[in-house]
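Structure record follows, encoded as structure tokens.
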Amino acid sequence: YTAKSFFQELFVDTTDFIGKLCDEVGGCADGGPLLVEVGCGTGEALLPLMDRARYTCGVDFNPHFVEFCRQNVPQEHQDCVRHIIGDAQELSTLLNNELPSAWVEERRSKIVICVGNTIGIMPPEVRKNVYKQMKLLAGAHGYMVVVYWNGNRFGDAVQNFYHKNPQLCGKFTGECIDLDTCTLTTPSGYCTHWTKPEE
């Protein structure tokens, strides 16, 4: 399995859901929303949504990911897409400092997303702060969307995704897997938690 094949249905559903939210608040028209992805990684989630929002911004703390994203923005979107290196625990300040003022103006709706289980790899104290920043940025007239990978599929993912793709998180053995908490912690330092519906 690759990430694309293992998570294809979720990826499509997530893109459709977020795209509809963008459309609801103005789409790519002048008054349309600012779409912000926290933990944008290599940019796969934002790419199909660039036509659905007025402005699009990816934020990640990894400069290699951000540079990759910058290099892969289609030419027709260069003026309305940015990728920023920074800490999502300071999301509002970061965007206000790094984006043009028209992008972050108060009256513009904000759709703030964190997809692909990015939230599941954040330490709990960071996760709490990021939730607060996302909510603050979305405000009363925007949306905050967080995608969790279902802990009921964790065992399948360990076997058919993580184990078969050691380049993602390093090689690991059974001792690294906690099926009770749906957590994988590898010797390379990678840690992910999959959320069960009852959580």
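Chain labels follow the order of the structure tokens: the first chain is A, the next B, and so on; residue numbering restarts at 1 in every chain, and ligands are counted from 1 in their shown order.
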
What are the DSSP strand (DSSP E or B) residues of region 6-172 of chain A, as a PDB file with N, CA and C atoms, in the first residue's frame?
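Saved the output as out.pdb:
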```pdb
ATOM      1  N   LEU A  34     -10.052  32.368   3.092  1.00  0.00           N
ATOM      2  CA  LEU A  34      -8.662  31.953   3.229  1.00  0.00           C
ATOM      3  C   LEU A  34      -8.713  30.526   3.766  1.00  0.00           C
ATOM      4  N   LEU A  35      -8.142  29.594   3.021  1.00  0.00           N
ATOM      5  CA  LEU A  35      -8.049  28.194   3.436  1.00  0.00           C
ATOM      6  C   LEU A  35      -6.643  27.963   3.979  1.00  0.00           C
ATOM      7  N   VAL A  36      -6.559  27.508   5.224  1.00  0.00           N
ATOM      8  CA  VAL A  36      -5.269  27.294   5.882  1.00  0.00           C
ATOM      9  C   VAL A  36      -5.166  25.841   6.316  1.00  0.00           C
ATOM     10  N   GLU A  37      -4.063  25.194   5.928  1.00  0.00           N
ATOM     11  CA  GLU A  37      -3.815  23.832   6.404  1.00  0.00           C
ATOM     12  C   GLU A  37      -2.678  23.853   7.416  1.00  0.00           C
ATOM     13  N   VAL A  38      -2.962  23.368   8.607  1.00  0.00           N
ATOM     14  CA  VAL A  38      -1.964  23.197   9.654  1.00  0.00           C
ATOM     15  C   VAL A  38      -1.286  21.849   9.428  1.00  0.00           C
ATOM     16  N   TYR A  55      -7.880  32.391  -1.290  1.00  0.00           N
ATOM     17  CA  TYR A  55      -6.467  32.294  -0.928  1.00  0.00           C
ATOM     18  C   TYR A  55      -6.237  30.979  -0.202  1.00  0.00           C
ATOM     19  N   THR A  56      -5.040  30.439  -0.351  1.00  0.00           N
ATOM     20  CA  THR A  56      -4.693  29.150   0.258  1.00  0.00           C
ATOM     21  C   THR A  56      -3.316  29.270   0.891  1.00  0.00           C
ATOM     22  N   CYS A  57      -3.205  28.741   2.113  1.00  0.00           N
ATOM     23  CA  CYS A  57      -1.928  28.806   2.817  1.00  0.00           C
ATOM     24  C   CYS A  57      -1.669  27.496   3.558  1.00  0.00           C
ATOM     25  N   GLY A  58      -0.503  26.929   3.342  1.00  0.00           N
ATOM     26  CA  GLY A  58      -0.058  25.756   4.082  1.00  0.00           C
ATOM     27  C   GLY A  58       0.986  26.167   5.109  1.00  0.00           C
ATOM     28  N   VAL A  59       0.890  25.602   6.305  1.00  0.00           N
ATOM     29  CA  VAL A  59       1.835  25.895   7.383  1.00  0.00           C
ATOM     30  C   VAL A  59       2.449  24.588   7.850  1.00  0.00           C
ATOM     31  N   ASP A  60       3.771  24.568   7.979  1.00  0.00           N
ATOM     32  CA  ASP A  60       4.448  23.388   8.513  1.00  0.00           C
ATOM     33  C   ASP A  60       5.732  23.846   9.199  1.00  0.00           C
ATOM     34  N   VAL A  81      -1.487  31.470  -3.442  1.00  0.00           N
ATOM     35  CA  VAL A  81      -1.094  30.342  -2.586  1.00  0.00           C
ATOM     36  C   VAL A  81       0.242  30.662  -1.933  1.00  0.00           C
ATOM     37  N   ARG A  82       0.340  30.410  -0.641  1.00  0.00           N
ATOM     38  CA  ARG A  82       1.594  30.573   0.101  1.00  0.00           C
ATOM     39  C   ARG A  82       1.803  29.347   0.998  1.00  0.00           C
ATOM     40  N   HIS A  83       3.062  29.062   1.250  1.00  0.00           N
ATOM     41  CA  HIS A  83       3.448  28.030   2.219  1.00  0.00           C
ATOM     42  C   HIS A  83       4.433  28.667   3.183  1.00  0.00           C
ATOM     43  N   ILE A  84       4.186  28.485   4.467  1.00  0.00           N
ATOM     44  CA  ILE A  84       4.934  29.198   5.496  1.00  0.00           C
ATOM     45  C   ILE A  84       5.544  28.210   6.486  1.00  0.00           C
ATOM     46  N   ILE A  85       6.786  28.469   6.870  1.00  0.00           N
ATOM     47  CA  ILE A  85       7.439  27.699   7.930  1.00  0.00           C
ATOM     48  C   ILE A  85       7.049  28.344   9.252  1.00  0.00           C
ATOM     49  N   LYS A 110     -12.468  32.249   7.255  1.00  0.00           N
ATOM     50  CA  LYS A 110     -11.280  31.386   7.327  1.00  0.00           C
ATOM     51  C   LYS A 110     -11.742  29.945   7.491  1.00  0.00           C
ATOM     52  N   ILE A 111     -11.152  29.068   6.718  1.00  0.00           N
ATOM     53  CA  ILE A 111     -11.371  27.632   6.876  1.00  0.00           C
ATOM     54  C   ILE A 111     -10.013  27.052   7.250  1.00  0.00           C
ATOM     55  N   VAL A 112      -9.931  26.531   8.459  1.00  0.00           N
ATOM     56  CA  VAL A 112      -8.661  26.067   9.010  1.00  0.00           C
ATOM     57  C   VAL A 112      -8.741  24.557   9.151  1.00  0.00           C
ATOM     58  N   ILE A 113      -7.830  23.848   8.484  1.00  0.00           N
ATOM     59  CA  ILE A 113      -7.907  22.393   8.453  1.00  0.00           C
ATOM     60  C   ILE A 113      -6.620  21.761   8.969  1.00  0.00           C
ATOM     61  N   CYS A 114      -6.771  20.576   9.492  1.00  0.00           N
ATOM     62  CA  CYS A 114      -5.640  19.737   9.878  1.00  0.00           C
ATOM     63  C   CYS A 114      -6.065  18.317   9.514  1.00  0.00           C
ATOM     64  N   TYR A 143     -14.692  27.992   9.615  1.00  0.00           N
ATOM     65  CA  TYR A 143     -14.776  26.573   9.952  1.00  0.00           C
ATOM     66  C   TYR A 143     -13.413  26.051  10.380  1.00  0.00           C
ATOM     67  N   MET A 144     -13.460  25.096  11.276  1.00  0.00           N
ATOM     68  CA  MET A 144     -12.273  24.358  11.711  1.00  0.00           C
ATOM     69  C   MET A 144     -12.556  22.887  11.428  1.00  0.00           C
ATOM     70  N   VAL A 145     -11.682  22.252  10.646  1.00  0.00           N
ATOM     71  CA  VAL A 145     -11.881  20.856  10.261  1.00  0.00           C
ATOM     72  C   VAL A 145     -10.638  20.065  10.670  1.00  0.00           C
ATOM     73  N   VAL A 146     -10.850  19.026  11.481  1.00  0.00           N
ATOM     74  CA  VAL A 146      -9.761  18.151  11.899  1.00  0.00           C
ATOM     75  C   VAL A 146     -10.122  16.734  11.476  1.00  0.00           C
ATOM     76  N   ASN A 150      -9.199   6.602  12.009  1.00  0.00           N
ATOM     77  CA  ASN A 150     -10.006   5.767  12.889  1.00  0.00           C
ATOM     78  C   ASN A 150      -9.169   4.672  13.553  1.00  0.00           C
TER      79      ASN A 150
END
```

### Task
Write out as JSON, numbers by chain the residues lying within 8 Å of region 15-17 of chain A, counting only C-alpha atoms and excluding same-chain residues fewer than 4 positions away.
{"A": [11, 21, 45, 48, 49]}

With C-alpha atoms retained, could you export that selection as an mmCIF file, in the first residue's frame?
```
data_model
loop_
_atom_site.group_PDB
_atom_site.id
_atom_site.type_symbol
_atom_site.label_atom_id
_atom_site.label_comp_id
_atom_site.auth_asym_id
_atom_site.auth_seq_id
_atom_site.Cartn_x
_atom_site.Cartn_y
_atom_site.Cartn_z
ATOM 1 C CA PHE A 11 -8.740 11.650 0.865
ATOM 2 C CA LEU A 21 -17.274 24.510 2.845
ATOM 3 C CA ALA A 45 -4.400 18.017 0.644
ATOM 4 C CA PRO A 48 -6.981 19.914 -5.281
ATOM 5 C CA LEU A 49 -8.528 22.723 -3.200
#
```

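Here the question is which of A:Pro166, A:Arg107, A:Thr192, A:Asn129 gets nearest to Val25 (chain A) using only C-alpha atoms, and that residue is A:Arg107.
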
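Nearest residue to Leu47 (chain A), choosing from A:Ser188, A:Asn72, A:Asn165, A:Asn97 and counting only C-alpha atoms: A:Asn72.
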
### Message
Counting only C-alpha atoms, which residue out of A:Tyr131, A:Trp103, A:Tyr148, A:Phe65 sits closest to Glu90 (chain A)?
### Response
A:Tyr131

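Interatomic distance, CA of Cys28 (chain A) to CA of Arg108 (chain A): 12.0 Å.
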